[in-house]
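Source file: start_5.pdb; contents: PDB, C-alpha atoms.
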```pdb
MODEL        1
ATOM      1  CA  MET A   1       0.000   0.000   0.000
ATOM      2  CA  ASP A   2       1.321   3.396  -0.953
ATOM      3  CA  ILE A   3       0.700   5.720   1.952
ATOM      4  CA  PRO A   4       0.194   9.258   0.706
ATOM      5  CA  THR A   5       2.486  12.021   1.868
ATOM      6  CA  LEU A   6       0.764  15.183   3.065
ATOM      7  CA  GLU A   7       2.338  18.568   3.695
ATOM      8  CA  THR A   8       1.297  21.784   5.381
ATOM      9  CA  ASP A   9       3.292  24.969   5.808
ATOM     10  CA  ARG A  10       5.106  23.541   8.845
ATOM     11  CA  LEU A  11       4.513  19.784   8.791
ATOM     12  CA  VAL A  12       5.197  16.686   6.706
ATOM     13  CA  PHE A  13       3.034  13.547   7.087
ATOM     14  CA  ARG A  14       4.295  10.154   5.904
ATOM     15  CA  GLY A  15       3.672   6.508   6.527
ATOM     16  CA  PRO A  16       5.153   5.002   9.694
ATOM     17  CA  THR A  17       8.280   2.846   9.459
ATOM     18  CA  ARG A  18      10.391   0.971  11.964
ATOM     19  CA  ASP A  19      12.868   3.870  11.851
ATOM     20  CA  ASP A  20      10.186   5.930  13.617
ATOM     21  CA  PHE A  21      10.056   3.517  16.531
ATOM     22  CA  PRO A  22      12.475   5.314  18.893
ATOM     23  CA  ASP A  23      10.546   8.587  18.574
ATOM     24  CA  SER A  24       7.169   6.871  18.769
ATOM     25  CA  ALA A  25       8.152   4.790  21.807
ATOM     26  CA  ALA A  26       9.503   7.869  23.593
ATOM     27  CA  MET A  27       6.229   9.707  22.941
ATOM     28  CA  TRP A  28       4.007   6.807  24.050
ATOM     29  CA  GLY A  29       6.219   6.261  27.114
ATOM     30  CA  ASP A  30       5.736   9.856  28.272
ATOM     31  CA  PRO A  31       3.221  10.158  31.152
ATOM     32  CA  GLU A  32       2.276  13.678  30.001
ATOM     33  CA  VAL A  33       1.260  12.312  26.587
ATOM     34  CA  THR A  34      -0.682   9.317  27.882
ATOM     35  CA  ARG A  35      -2.477  10.837  30.868
ATOM     36  CA  PHE A  36      -5.621  11.273  28.720
ATOM     37  CA  ILE A  37      -4.960   8.279  26.450
ATOM     38  CA  GLY A  38      -5.167   5.172  28.576
ATOM     39  CA  GLY A  39      -3.873   6.921  31.681
ATOM     40  CA  LYS A  40      -0.463   5.279  31.809
ATOM     41  CA  PRO A  41       2.703   5.281  29.706
ATOM     42  CA  CYS A  42       3.108   2.481  27.191
ATOM     43  CA  THR A  43       5.831  -0.103  27.544
ATOM     44  CA  THR A  44       8.309  -0.659  24.729
ATOM     45  CA  GLU A  45       6.328  -3.756  23.739
ATOM     46  CA  GLU A  46       3.040  -1.833  23.659
ATOM     47  CA  SER A  47       4.631   0.946  21.608
ATOM     48  CA  TRP A  48       5.982  -1.585  19.110
ATOM     49  CA  ALA A  49       2.538  -3.202  18.807
ATOM     50  CA  ARG A  50       1.000   0.242  18.228
ATOM     51  CA  LEU A  51       3.492   1.013  15.446
ATOM     52  CA  CYS A  52       2.781  -2.340  13.774
ATOM     53  CA  ARG A  53      -0.962  -1.775  14.155
ATOM     54  CA  ASN A  54      -0.633   1.631  12.488
ATOM     55  CA  VAL A  55       1.284   0.154   9.545
ATOM     56  CA  GLY A  56      -1.240  -2.673   9.235
ATOM     57  CA  HIS A  57      -4.190  -0.310   9.268
ATOM     58  CA  TRP A  58      -3.053   1.177   5.963
ATOM     59  CA  ALA A  59      -2.766  -2.292   4.408
ATOM     60  CA  VAL A  60      -6.158  -3.506   5.634
ATOM     61  CA  MET A  61      -8.277  -0.344   5.513
ATOM     62  CA  GLY A  62      -6.550   1.912   2.972
ATOM     63  CA  TYR A  63      -6.162   4.607   5.624
ATOM     64  CA  GLY A  64      -4.425   4.934   8.953
ATOM     65  CA  TYR A  65      -2.057   7.080  10.959
ATOM     66  CA  TRP A  66       0.773   9.168   9.605
ATOM     67  CA  VAL A  67       3.995  10.021  11.370
ATOM     68  CA  VAL A  68       4.216  13.795  11.495
ATOM     69  CA  ARG A  69       7.506  15.683  11.473
ATOM     70  CA  ASP A  70       8.251  19.357  11.208
ATOM     71  CA  ARG A  71      10.165  20.811   8.259
ATOM     72  CA  SER A  72      13.485  20.243  10.064
ATOM     73  CA  ASP A  73      12.560  16.531  10.479
ATOM     74  CA  ARG A  74      11.842  16.731  14.233
ATOM     75  CA  PHE A  75       9.223  14.209  15.353
ATOM     76  CA  VAL A  76       5.905  15.927  16.118
ATOM     77  CA  GLY A  77       3.551  12.988  16.631
ATOM     78  CA  GLU A  78       1.055  10.638  14.998
ATOM     79  CA  VAL A  79      -2.215  11.704  13.382
ATOM     80  CA  GLY A  80      -4.745   9.901  11.230
ATOM     81  CA  PHE A  81      -7.890   7.844  10.831
ATOM     82  CA  ALA A  82      -8.724   4.366  12.054
ATOM     83  CA  THR A  83     -11.484   1.872  12.472
ATOM     84  CA  TRP A  84     -10.620   0.352  15.840
ATOM     85  CA  LYS A  85     -13.845  -1.651  16.283
ATOM     86  CA  ARG A  86     -14.015  -0.291  19.820
ATOM     87  CA  GLU A  87     -16.376  -2.072  22.169
ATOM     88  CA  MET A  88     -18.076   1.058  23.401
ATOM     89  CA  THR A  89     -21.496   2.558  23.803
ATOM     90  CA  PRO A  90     -22.565   4.284  21.645
ATOM     91  CA  ALA A  91     -20.706   2.627  18.794
ATOM     92  CA  ILE A  92     -18.553   4.710  16.475
ATOM     93  CA  GLU A  93     -20.161   4.669  13.032
ATOM     94  CA  ALA A  94     -17.553   6.574  10.989
ATOM     95  CA  PRO A  95     -13.783   6.642  10.485
ATOM     96  CA  GLU A  96     -12.256   7.766  13.771
ATOM     97  CA  ALA A  97      -9.847  10.686  13.633
ATOM     98  CA  GLY A  98      -7.083  10.755  16.212
ATOM     99  CA  TRP A  99      -4.046  12.786  17.122
ATOM    100  CA  VAL A 100      -1.241  12.469  19.610
ATOM    101  CA  LEU A 101       1.725  14.809  19.821
ATOM    102  CA  ALA A 102       5.051  14.500  21.598
ATOM    103  CA  THR A 103       5.335  16.838  24.573
ATOM    104  CA  PRO A 104       7.856  19.215  22.922
ATOM    105  CA  SER A 105       5.252  19.798  20.173
ATOM    106  CA  HIS A 106       2.439  20.830  22.527
ATOM    107  CA  GLY A 107       1.177  24.406  22.464
ATOM    108  CA  LYS A 108       2.450  25.287  18.979
ATOM    109  CA  GLY A 109      -0.761  24.863  17.006
ATOM    110  CA  TYR A 110       0.556  21.678  15.372
ATOM    111  CA  ALA A 111      -2.441  19.560  16.415
ATOM    112  CA  THR A 112      -4.947  21.924  14.811
ATOM    113  CA  GLU A 113      -2.822  22.220  11.665
ATOM    114  CA  ALA A 114      -2.413  18.439  11.444
ATOM    115  CA  VAL A 115      -6.075  17.648  12.084
ATOM    116  CA  ARG A 116      -7.217  20.123   9.433
ATOM    117  CA  ALA A 117      -4.839  18.496   6.929
ATOM    118  CA  ILE A 118      -6.043  14.954   7.578
ATOM    119  CA  LEU A 119      -9.675  16.034   7.555
ATOM    120  CA  ALA A 120      -9.211  17.547   4.086
ATOM    121  CA  TRP A 121      -7.553  14.304   2.960
ATOM    122  CA  GLY A 122     -10.322  12.263   4.606
ATOM    123  CA  GLU A 123     -13.088  14.163   2.820
ATOM    124  CA  ALA A 124     -11.463  13.335  -0.512
ATOM    125  CA  ARG A 125     -10.712   9.724   0.482
ATOM    126  CA  PHE A 126     -14.110   8.888   2.006
ATOM    127  CA  GLY A 127     -16.210  11.108  -0.255
ATOM    128  CA  SER A 128     -17.786  12.603   2.848
ATOM    129  CA  PRO A 129     -16.743  14.861   5.716
ATOM    130  CA  LYS A 130     -18.204  12.415   8.268
ATOM    131  CA  SER A 131     -15.764  11.245  10.908
ATOM    132  CA  ALA A 132     -15.770  10.850  14.671
ATOM    133  CA  CYS A 133     -13.381  11.193  17.562
ATOM    134  CA  ILE A 134     -13.455  10.332  21.243
ATOM    135  CA  ILE A 135     -11.803  12.422  23.927
ATOM    136  CA  ASP A 136     -11.211  11.981  27.649
ATOM    137  CA  PRO A 137     -13.403  14.469  29.553
ATOM    138  CA  GLY A 138     -10.335  16.074  31.148
ATOM    139  CA  ASN A 139      -8.523  16.791  27.890
ATOM    140  CA  ALA A 140      -9.533  20.404  27.217
ATOM    141  CA  ALA A 141      -6.736  20.901  24.648
ATOM    142  CA  SER A 142      -8.032  18.060  22.454
ATOM    143  CA  VAL A 143     -11.591  19.331  22.784
ATOM    144  CA  ARG A 144     -10.424  22.686  21.360
ATOM    145  CA  VAL A 145      -8.646  20.919  18.479
ATOM    146  CA  ALA A 146     -11.766  18.870  17.712
ATOM    147  CA  GLU A 147     -13.973  21.956  17.729
ATOM    148  CA  LYS A 148     -11.557  23.840  15.435
ATOM    149  CA  GLY A 149     -11.759  20.852  13.088
ATOM    150  CA  GLY A 150     -15.539  21.109  12.929
ATOM    151  CA  PHE A 151     -16.376  18.262  15.300
ATOM    152  CA  VAL A 152     -19.553  18.682  17.357
ATOM    153  CA  ARG A 153     -20.028  16.995  20.708
ATOM    154  CA  GLN A 154     -22.625  14.240  20.688
ATOM    155  CA  ARG A 155     -23.956  12.003  23.407
ATOM    156  CA  ASP A 156     -21.142  10.943  25.724
ATOM    157  CA  GLY A 157     -20.189   7.303  25.846
ATOM    158  CA  ILE A 158     -18.427   4.732  27.964
ATOM    159  CA  TYR A 159     -15.171   3.176  26.820
ATOM    160  CA  ARG A 160     -13.326   0.603  28.927
ATOM    161  CA  GLY A 161     -15.541   1.512  31.855
ATOM    162  CA  SER A 162     -14.766   5.238  31.762
ATOM    163  CA  PRO A 163     -16.821   8.194  30.558
ATOM    164  CA  THR A 164     -15.745   9.363  27.107
ATOM    165  CA  MET A 165     -16.812  12.401  25.113
ATOM    166  CA  MET A 166     -17.862  11.605  21.567
ATOM    167  CA  PHE A 167     -17.610  14.115  18.733
ATOM    168  CA  VAL A 168     -18.851  13.815  15.147
ATOM    169  CA  ARG A 169     -18.051  15.856  12.076
ATOM    170  CA  ALA A 170     -20.638  15.641   9.317
TER     171      ALA A 170
ENDMDL
END
```
Turn the structure described in the file into structure tokens.
Amino acid sequence: MDIPTLETDRLVFRGPTRDDFPDSAAMWGDPEVTRFIGGKPCTTEESWARLCRNVGHWAVMGYGYWVVRDRSDRFVGEVGFATWKREMTPAIEAPEAGWVLATPSHGKGYATEAVRAILAWGEARFGSPKSACIIDPGNAASVRVAEKGGFVRQRDGIYRGSPTMMFVRA
């Protein structure tokens, strides 16, 4: 599967490779990054499985997560679409947009820039603007990014026993 490369003024998006693993594992091992995504840092094994899952998503679904770097090739994070088949109520009925940025990339507007870029790609890819995202109720920064991307809060759900905010963009 050829994973498309996307570019914005400040960012470059490309398919994940094993060369990205050190940066990805450092990000997923950072408690600041994971406090609203699972609540605990990932182990090296969990980070490796996540990288492999992201690569596989492109092969199986024709979409997935990109590795995002700035124009000087510094790792920014991972952003994209997925169908995770989450066992949650209510069910997610559209491609799920997601974003996670390494701590040094927080507060620079990268998340909003990245989400807008993938949403434009997603509209062309899916033939529709419809997508969803879920956000931990305490993650005000991600709520702002979702709202800037045109997501509207829907009925809240439960995922893995915890309350989860659900947003839809249509």
Result set, the PyMOL selection byres ((chain A and resi 41) around 10) on current file, as a compact mmCIF listing (two decimals) with C-alpha atoms, in the coordinates of the input:
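Written file, selection11.txt:
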```
# COMPACT_ATOMS: atom_id res chain seq x y z
CA ALA A 25 8.15 4.79 21.81
CA ALA A 26 9.50 7.87 23.59
CA MET A 27 6.23 9.71 22.94
CA TRP A 28 4.01 6.81 24.05
CA GLY A 29 6.22 6.26 27.11
CA ASP A 30 5.74 9.86 28.27
CA PRO A 31 3.22 10.16 31.15
CA GLU A 32 2.28 13.68 30.00
CA VAL A 33 1.26 12.31 26.59
CA THR A 34 -0.68 9.32 27.88
CA ARG A 35 -2.48 10.84 30.87
CA ILE A 37 -4.96 8.28 26.45
CA GLY A 38 -5.17 5.17 28.58
CA GLY A 39 -3.87 6.92 31.68
CA LYS A 40 -0.46 5.28 31.81
CA CYS A 42 3.11 2.48 27.19
CA THR A 43 5.83 -0.10 27.54
CA THR A 44 8.31 -0.66 24.73
CA GLU A 46 3.04 -1.83 23.66
CA SER A 47 4.63 0.95 21.61
```
Requested in this report: Pull out every residue that the PyMOL selection byres ((chain A and resi 91) around 12) matches in the shown coordinates and put them as a PyMOL selection string.
Outcome: chain A and resi 83-90+92-96+132-134+154-159+164+166-168
Per residue of stretch 112-154 of chain A within 10 Å of stretch 48-66 of chain A, what are the shortest atom pair and its distance in Å to one decimal, counting all atoms listed in the file, with rows by chain and residue number, as a tab-separated table?
```
residue	atom	partner	partner_atom	distance
A:Ala114	CA	A:Trp66	CA	10.0
A:Ile118	CA	A:Trp66	CA	9.2
A:Gly122	CA	A:Tyr63	CA	8.8
A:Arg125	CA	A:Tyr63	CA	8.6
A:Phe126	CA	A:Tyr63	CA	9.7
```
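Atom CA of A:Pro129 sits 18.5 Å away from atom CA of A:Pro4.
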Query raised in the report: Could you state the separation of atom CA of A:Trp121 and atom CA of A:Leu6 in Å, given to one decimal place?
Result: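 So the two atoms, atom CA of A:Trp121 and atom CA of A:Leu6, lie 8.4 Å apart.
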**Report entry** Among listed residues A:Glu113, A:Glu123, A:Asp2, A:Glu78, nearest A:Asp23 (using all atoms listed in the file)
**Finding:**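 Closest to A:Asp23, using all atoms listed in the file: A:Glu78.
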Requested in this report: Please measure the separation of atom CA of A:Thr8 and atom CA of A:Val68, giving the value in Å to one decimal.
Outcome: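 Computing it gives 10.5 Å between the two atoms.
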So for stretch 1-12 of chain A, what box centre and size do we get, axis-aligned, 4 Å extra on each of the six sides, every listed atom, Å to one decimal, as lines of an AutoDock Vina configuration file?
```
center_x = 2.6
center_y = 12.5
center_z = 3.9
size_x = 13.2
size_y = 33.0
size_z = 17.8
```
**Report entry** Using all atoms listed in the file: which of A:Val67, A:Val143, A:Val12, A:Val115 has the shortest distance to A:Gly98
**Finding:**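 Between A:Val67, A:Val143, A:Val12, A:Val115, the residue approaching A:Gly98 most closely is A:Val115.
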Report task. Give the answer as one residue: which of A:Glu7, A:Asp70, A:Glu147, A:Asp19 has the shortest atom-to-atom distance to A:Pro104, using only C-alpha atoms? Result ->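 Checking each candidate against A:Pro104, we get A:Asp70 as the closest.
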Neighbourhood query: residues within 6 Å of (-9.1, 10.4, 28.2), file coordinates, counting only C-alpha atoms; return as a PDB file with C-alpha atoms, in the frame of the given file.
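The result, written out as part15.pdb:
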```
ATOM      1  CA  PHE A  36      -5.621  11.273  28.720  1.00  0.00           C
ATOM      2  CA  ILE A  37      -4.960   8.279  26.450  1.00  0.00           C
ATOM      3  CA  ILE A 135     -11.803  12.422  23.927  1.00  0.00           C
ATOM      4  CA  ASP A 136     -11.211  11.981  27.649  1.00  0.00           C
TER       5      ASP A 136
END
```
Query - Of the listed residues A:Ala141, A:Val152, A:Ala117, A:Val79, that which approaches A:Leu101 most closely, counting all atoms listed in the file - result: A:Val79
Report task. List the neighbours of A:Tyr110 out to 8 Å using all atoms listed in the file; skip same-chain residues closer than 5 positions along the sequence, and give me the result as a list in words. Result -> Leu11, Val76 and Ser105 of chain A
